[in-house]
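Take a look at the structure set out below.
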Amino acid sequence: MRLLVLSGLSGAGKSIALQALEDLGFYCVDNLPVALLPGFVAQMKVMEGRQEVTEIAVGIDARNMIDDLQNFQVVLKNIKEQGISCEVIFVVANDHALIKRFSETRRKHPLTDDEIPLVEAIAAERHLLNPIANCADLHIDTSQTNVHQLRDQIRDRVGRNSDLTLSLQFLSFGFKHGHPIDADFVFDVRCLPNPHWDPKLRLQTGRDDDVIKFLQQQTIVTEMLADITRFIERWVPDFEADNRSYMTVAIGCTGGQHRSVYFAEALGAHFKRQREGVMIRHRELS
């Protein structure tokens, strides 16, 4: 049996992610109290012998007793000690994105009331869900992600056989649009020659032949790409040996159009030749 515990901030896309898992064939239950999780897992184990219920997803949010949320790590440890494959996914977004979404949809945040404004409710929810966030195998930042892109990420990163190797994602981004909060490693390539300053290359991206040729001609680019490649080759096996399921390597330049895109594509192509479960995503090109 494979169990996914899905949690996250209100407005970050937890419901969309759970729907995507349901589309992938997961048996999904939303808003389950943490205190009921062990009993639910026990019941699912009984059902597993009667019908094909092998992949289960449970949604947990801040509408739990505070003591139960604080006890989440213990509950998770007990489940794993039963030999059950269990992963925790936490969906997040920055305050600006969350406030914008609530204002556009006119939804009410579950922790707001006459005395607690939205900004304070978001901060309180982050604090309440810290015990789950700290246990997460995968953080998904939806600050600059739409519904369709989130569903694609769930399908590509989570809707895979749990027996496969670590899911390795290369993410390009622009520092001027904000740091990706779901990255495990961040490499800064802003020190490299920038194709943006060539008028012929400015409107192209790191996936276009002219930009690729420009960057490949720079010795410093080749050296940095080799250094990052060696670093990942050296340390990914250690993370896998520690039963790590997901890893995101983010490469950032100024705008997320040229250098970071080139690096993500080059690294992704290199590691796809060596292993399964490699993905490439360009945050700013989306």
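Following the order of the structure tokens, chains are lettered A, B, ..., residues in each are numbered from 1, and ligands are numbered from 1.
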Near-Val29 in chain A list (9 Å; only C-alpha atoms; drop same-chain fewer than 6 positions) as a ChimeraX atom specification: /A:18,56-59
Serialized selection, C-alpha atoms, as a PDB file, in the first residue's frame:
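Final file, result_22.pdb:
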```
ATOM      1  CA  LEU A  18      -5.978  16.006  -4.385  1.00  0.00           C
ATOM      2  CA  ILE A  56      -4.311   6.211  -1.085  1.00  0.00           C
ATOM      3  CA  ALA A  57      -4.161   9.974  -0.614  1.00  0.00           C
ATOM      4  CA  VAL A  58      -5.304  11.796   2.513  1.00  0.00           C
ATOM      5  CA  GLY A  59      -5.805  15.551   2.738  1.00  0.00           C
TER       6      GLY A  59
END
```
Long-range neighbours of range 277-285 of chain A as a PyMOL selection string, 6 Å cut-off, only C-alpha atoms, 5 positions minimum in chain: chain A and resi 167-173+256+268+272
Please, could you write that set of residues out with C-alpha atoms as a PDB file, in the first residue's frame?
```pdb
ATOM      1  CA  SER A 167      12.344  11.999  -8.790  1.00  0.00           C
ATOM      2  CA  LEU A 168      14.839  14.650  -9.914  1.00  0.00           C
ATOM      3  CA  GLN A 169      13.551  17.984 -11.225  1.00  0.00           C
ATOM      4  CA  PHE A 170      15.628  20.759 -12.805  1.00  0.00           C
ATOM      5  CA  LEU A 171      13.906  24.123 -12.429  1.00  0.00           C
ATOM      6  CA  SER A 172      14.959  27.341 -14.126  1.00  0.00           C
ATOM      7  CA  PHE A 173      13.859  30.666 -12.649  1.00  0.00           C
ATOM      8  CA  GLY A 256      14.801  33.228 -16.087  1.00  0.00           C
ATOM      9  CA  GLY A 268      18.118  17.492 -17.573  1.00  0.00           C
ATOM     10  CA  LYS A 272      17.962  11.607 -18.446  1.00  0.00           C
TER      11      LYS A 272
END
```
Close residues, Ile66 in chain A itself excluded, 12 Å, only C-alpha atoms, min 6 positions apart in chain, as a ChimeraX atom specification: /A:33-35,72,124-125,127-132
For the residues in that selection, give me N, CA and C atoms as a CSV table (one decimal), in the first residue's frame.
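Writing the result to part-v2.csv gives the following:
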```
chain,number,residue,atom,x,y,z
A,33,PRO,N,-9.0,14.2,10.2
A,33,PRO,CA,-8.3,14.6,11.4
A,33,PRO,C,-7.0,13.7,11.6
A,34,VAL,N,-6.0,14.3,12.1
A,34,VAL,CA,-4.7,13.6,12.3
A,34,VAL,C,-5.0,12.4,13.2
A,35,ALA,N,-5.8,12.7,14.3
A,35,ALA,CA,-6.0,11.6,15.3
A,35,ALA,C,-6.7,10.4,14.7
A,72,PHE,N,1.9,15.1,14.8
A,72,PHE,CA,1.9,14.4,13.5
A,72,PHE,C,3.1,13.6,13.2
A,124,ALA,N,-0.8,32.5,10.9
A,124,ALA,CA,-1.2,31.5,11.9
A,124,ALA,C,-1.3,30.1,11.3
A,125,GLU,N,-1.8,30.0,10.1
A,125,GLU,CA,-1.9,28.7,9.4
A,125,GLU,C,-0.5,28.1,9.2
A,127,HIS,N,2.1,28.6,10.9
A,127,HIS,CA,2.7,28.1,12.2
A,127,HIS,C,2.0,26.8,12.6
A,128,LEU,N,0.7,26.7,12.4
A,128,LEU,CA,0.0,25.5,12.8
A,128,LEU,C,0.4,24.3,12.0
A,129,LEU,N,0.7,24.5,10.7
A,129,LEU,CA,1.1,23.4,9.8
A,129,LEU,C,2.5,23.1,9.8
A,130,ASN,N,3.3,23.8,10.5
A,130,ASN,CA,4.8,23.6,10.5
A,130,ASN,C,5.2,22.1,10.8
A,131,PRO,N,4.5,21.4,11.8
A,131,PRO,CA,4.8,20.0,12.1
A,131,PRO,C,4.7,19.1,10.8
A,132,ILE,N,3.7,19.4,10.0
A,132,ILE,CA,3.6,18.6,8.7
A,132,ILE,C,4.6,19.1,7.7
```
Among the residues A:Ala121, A:Cys135, A:Met65, A:Ala93, the one that comes closest to Val5 in chain A [using only C-alpha atoms]: A:Cys135
Counting only C-alpha atoms, the residue of A:Leu3, A:Phe271, A:Ser245, A:Leu36 that sits nearest Glu233 in chain A: A:Phe271
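The shortest atom-to-atom distance to Phe239 in chain A, with only C-alpha atoms taken into account, belongs to A:Thr165 out of A:Asp152, A:Gly206, A:Phe40, A:Thr165.
Nearest residue to His270 in chain A, choosing from A:Thr229, A:Thr54, A:Ser286, A:Ser143 and counting only C-alpha atoms: A:Thr229.
When CA of Ala136 in chain A is paired with CA of Lys14 in chain A, their separation reads 13.9 Å.
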Spatial neighbours of Met1 in chain A, 7 Å, only C-alpha atoms, chain gap at least 6 places, as a ChimeraX atom specification: /A:54-55,84-85
Resulting file, chosen residues, C-alpha atoms, as a PDB file, in the first residue's frame:
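Saved to out_31.pdb:
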```
ATOM      1  CA  THR A  54      -3.173   0.123  -3.148  1.00  0.00           C
ATOM      2  CA  GLU A  55      -2.691   3.876  -3.606  1.00  0.00           C
ATOM      3  CA  ILE A  84       3.692   1.180   4.807  1.00  0.00           C
ATOM      4  CA  SER A  85       5.171   3.357   2.080  1.00  0.00           C
TER       5      SER A  85
END
```
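CA of Phe90 in chain A is found 6.0 Å from CA of Ala133 in chain A.
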